[in-house]
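**Q** Before we start, here is the structure in question, set down as structure tokens.
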Amino acid sequence: MNIDFPPPSKGTYNNAGSSRRLAAYLEHEDLERIEKGIYTEGFFNLTEENLYKSQVVKDIDNNKSQLLKTDAKFYAIHISPSAKELQAIGVTEKEQAEAMRRYIREIFIPEYAKNFNKGLSAEDIKFYGKIHFDRDRSENNENNMHCHIIVSRKDQANKIKLSPLTNHRNTKKGVIKGGFDRSNLFQKAEKGFDVLFNYVRPLDESFEYCNTMKNGSITEQIIMQERVNEFTNSLQHDVMSSVSQSFNQSVGQQARESINQSTNSPNLGLSSALGVFSPQVHGEDVEELKKMEEIKRKKNKGMKR
């Protein structure tokens, strides 16, 4: 799961003014899909779906009480699942989009709110999401579904300033109280995804691994790689054990069925009981045995005379 906060810029991500430019950008994919006759996803928030861009812009732009002209009015967030994660949440685009909205509402936004350490909940966050299915940037034209979020600088009540780009972390003193720990958010959001969708995440696909290999010391990287190797070996052992157990159960079932068939068959004498282990006697063989027995009987009769 890749989560990032695009830094403010003078272009699309200029957040000192209106959100109109960013909202318009997030609709660019809709025109292409409409021309191809493919359904589109409207904006959504915590409780509503298929919302219009005009409502998004109006709601975000009007939620800026006591902010200066040069202050940030909103922030952008990108959330991009990996190919394996997409497979875990659905097969079709509609299934994946529905699962993504659920993840944003039930996991990401609640964790985003908690991470400010100000006693906030998901209901306190003013945000709008837009799902994209852009295939142009993916190999083999595969699904590259991801979600863009526009989140207001102020809370729903238009009273508290909230910045996910601050470097303060749960501060108790000073002008700024609370803060925002992005690393903690990434880990919580990742764990929440795994629990919500019963996703078994390999260690080398975790935020912990990526963060260590990028920012950790050489010693920390070596230890992490050893953990990955242990995890991989353990997973392979579990898979082989599962396969072996399934095979033994299958063979055992077949043996039990064979024994039951033998036990339930009618008693046809010793020859029938040993028929499984003895050569089969055909009709022509029986006739040949009768002829040999007749010759032997006549020979014995002649000797007695």
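Just remember, in the structure tokens the first chain shown is A, the second B, etc., residues are 1-based per chain, and ligands are 1-based in the order shown.
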Pick out each residue of stretch 7-66 of chain A that DSSP on the backbone tags as alpha helix (DSSP H); I need them as a list in words.
**A**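 DSSP on the backbone gives alpha helix (DSSP H) at Arg20, Arg21, Leu22, Ala23, Ala24, Tyr25, His28, Glu29, Asp30, Leu31, Glu32, Arg33, Ile34, Glu35, Lys53, Ser54, Gln55, Val56, Val57, Lys58, Asp59, Ile60 and Asp61 of chain A.
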**Q** Please run DSSP on the backbone and report, as a ChimeraX atom specification, all residues within stretch 43-238 of chain A that come out as strand (DSSP E or B).
**A** /A:43-44,51,74-80,127-132,146-152,154,161,171,178
**Q** How would the residues just chosen look if you wrote them out with N, CA, C and O atoms as a short mmCIF file (atom, residue, chain, number, x, y, z; two decimals), in the first residue's frame?
**A**
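The file below, out_4.cif, is the result:
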```
data_model
loop_
_atom_site.label_atom_id
_atom_site.label_comp_id
_atom_site.auth_asym_id
_atom_site.auth_seq_id
_atom_site.Cartn_x
_atom_site.Cartn_y
_atom_site.Cartn_z
N PHE A 43 -17.34 11.73 -6.88
CA PHE A 43 -16.70 11.99 -5.60
C PHE A 43 -17.51 11.35 -4.48
O PHE A 43 -18.72 11.15 -4.60
N PHE A 44 -16.85 11.04 -3.39
CA PHE A 44 -17.54 10.47 -2.22
C PHE A 44 -16.94 11.05 -0.95
O PHE A 44 -15.80 11.53 -0.92
N LEU A 51 -21.04 12.29 -5.80
CA LEU A 51 -21.19 13.72 -5.59
C LEU A 51 -20.55 14.50 -6.73
O LEU A 51 -19.58 14.05 -7.36
N PHE A 74 -6.38 23.26 2.03
CA PHE A 74 -6.68 21.83 1.90
C PHE A 74 -5.38 21.09 1.60
O PHE A 74 -4.33 21.71 1.31
N TYR A 75 -5.45 19.76 1.64
CA TYR A 75 -4.29 18.92 1.31
C TYR A 75 -4.75 17.79 0.40
O TYR A 75 -5.93 17.40 0.41
N ALA A 76 -3.82 17.24 -0.36
CA ALA A 76 -4.11 16.11 -1.24
C ALA A 76 -3.44 14.86 -0.68
O ALA A 76 -2.35 14.92 -0.11
N ILE A 77 -4.10 13.72 -0.86
CA ILE A 77 -3.55 12.43 -0.42
C ILE A 77 -3.75 11.42 -1.54
O ILE A 77 -4.80 11.38 -2.17
N HIS A 78 -2.72 10.62 -1.81
CA HIS A 78 -2.81 9.53 -2.78
C HIS A 78 -2.76 8.21 -2.03
O HIS A 78 -1.88 8.02 -1.18
N ILE A 79 -3.64 7.29 -2.37
CA ILE A 79 -3.61 5.95 -1.79
C ILE A 79 -3.65 4.94 -2.93
O ILE A 79 -4.64 4.86 -3.66
N SER A 80 -2.55 4.18 -3.09
CA SER A 80 -2.43 3.26 -4.23
C SER A 80 -2.14 1.84 -3.75
O SER A 80 -1.03 1.55 -3.29
N PHE A 127 -13.62 15.68 4.03
CA PHE A 127 -12.82 15.18 2.92
C PHE A 127 -13.73 14.72 1.77
O PHE A 127 -14.92 14.44 1.95
N TYR A 128 -13.11 14.62 0.59
CA TYR A 128 -13.78 14.05 -0.58
C TYR A 128 -12.78 13.18 -1.32
O TYR A 128 -11.64 13.59 -1.54
N GLY A 129 -13.23 11.98 -1.69
CA GLY A 129 -12.37 11.05 -2.40
C GLY A 129 -12.81 10.87 -3.83
O GLY A 129 -13.99 11.06 -4.17
N LYS A 130 -11.87 10.48 -4.68
CA LYS A 130 -12.15 10.22 -6.10
C LYS A 130 -11.30 9.04 -6.55
O LYS A 130 -10.07 9.08 -6.46
N ILE A 131 -11.95 7.98 -7.00
CA ILE A 131 -11.25 6.77 -7.43
C ILE A 131 -10.92 6.84 -8.90
O ILE A 131 -11.76 7.20 -9.72
N HIS A 132 -9.68 6.48 -9.23
CA HIS A 132 -9.22 6.41 -10.62
C HIS A 132 -8.87 4.98 -10.99
O HIS A 132 -8.46 4.18 -10.15
N HIS A 146 -6.48 3.51 -7.95
CA HIS A 146 -5.98 4.24 -6.80
C HIS A 146 -7.00 5.31 -6.42
O HIS A 146 -7.97 5.53 -7.14
N CYS A 147 -6.78 5.93 -5.29
CA CYS A 147 -7.74 6.92 -4.80
C CYS A 147 -7.04 8.23 -4.48
O CYS A 147 -5.98 8.25 -3.85
N HIS A 148 -7.66 9.33 -4.92
CA HIS A 148 -7.22 10.69 -4.57
C HIS A 148 -8.17 11.23 -3.51
O HIS A 148 -9.38 11.03 -3.59
N ILE A 149 -7.60 11.93 -2.54
CA ILE A 149 -8.42 12.53 -1.50
C ILE A 149 -8.08 14.01 -1.37
O ILE A 149 -6.90 14.39 -1.35
N ILE A 150 -9.12 14.83 -1.31
CA ILE A 150 -8.96 16.24 -0.96
C ILE A 150 -9.50 16.39 0.46
O ILE A 150 -10.66 16.10 0.73
N VAL A 151 -8.64 16.82 1.38
CA VAL A 151 -9.05 16.95 2.76
C VAL A 151 -8.87 18.38 3.23
O VAL A 151 -7.83 19.00 2.98
N SER A 152 -9.87 18.91 3.89
CA SER A 152 -9.84 20.31 4.33
C SER A 152 -8.80 20.54 5.43
O SER A 152 -8.53 19.66 6.24
N LYS A 154 -9.30 22.61 7.77
CA LYS A 154 -10.08 22.77 9.00
C LYS A 154 -10.99 21.55 9.22
O LYS A 154 -11.35 20.85 8.27
N LYS A 161 -7.46 23.73 13.19
CA LYS A 161 -6.54 23.60 12.06
C LYS A 161 -5.86 22.23 12.11
O LYS A 161 -5.39 21.80 13.16
N THR A 171 2.86 16.88 20.46
CA THR A 171 3.45 17.86 21.37
C THR A 171 2.45 18.26 22.45
O THR A 171 1.25 18.36 22.21
N GLY A 178 -0.58 18.61 19.85
CA GLY A 178 -0.87 17.43 19.03
C GLY A 178 0.25 17.19 18.04
O GLY A 178 1.40 16.98 18.42
#
```
**Q** Mind giving me the straight-line distance from atom CA of A:Tyr112 to atom CA of A:Asn158 in Å, one decimal?
**A**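 Taking atom CA of A:Tyr112 as the start and atom CA of A:Asn158 as the end point, the length is 17.2 Å.
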**Q** Go ahead and compute the interatomic distance for atom CA of A:Asn62 and atom CA of A:Ala113, in Å to one decimal.
**A** 20.5 Å
**Q** When you look at stretch 193-204 of chain A with a cut-off of 12 Å (counting only C-alpha atoms), what residues show up, excluding the ones that are within fewer than 5 positions of it in the same chain? I need them as an MDAnalysis selection string.
**A** chainID A and resid 1:2 79 81:82 84:90 96 99:108 111 186:188 209:213 221 224:236
**Q** Have a look at atom CA of A:Phe207 and atom CA of A:Thr12 and let me know their distance in Å, one decimal.
**A** 28.0 Å
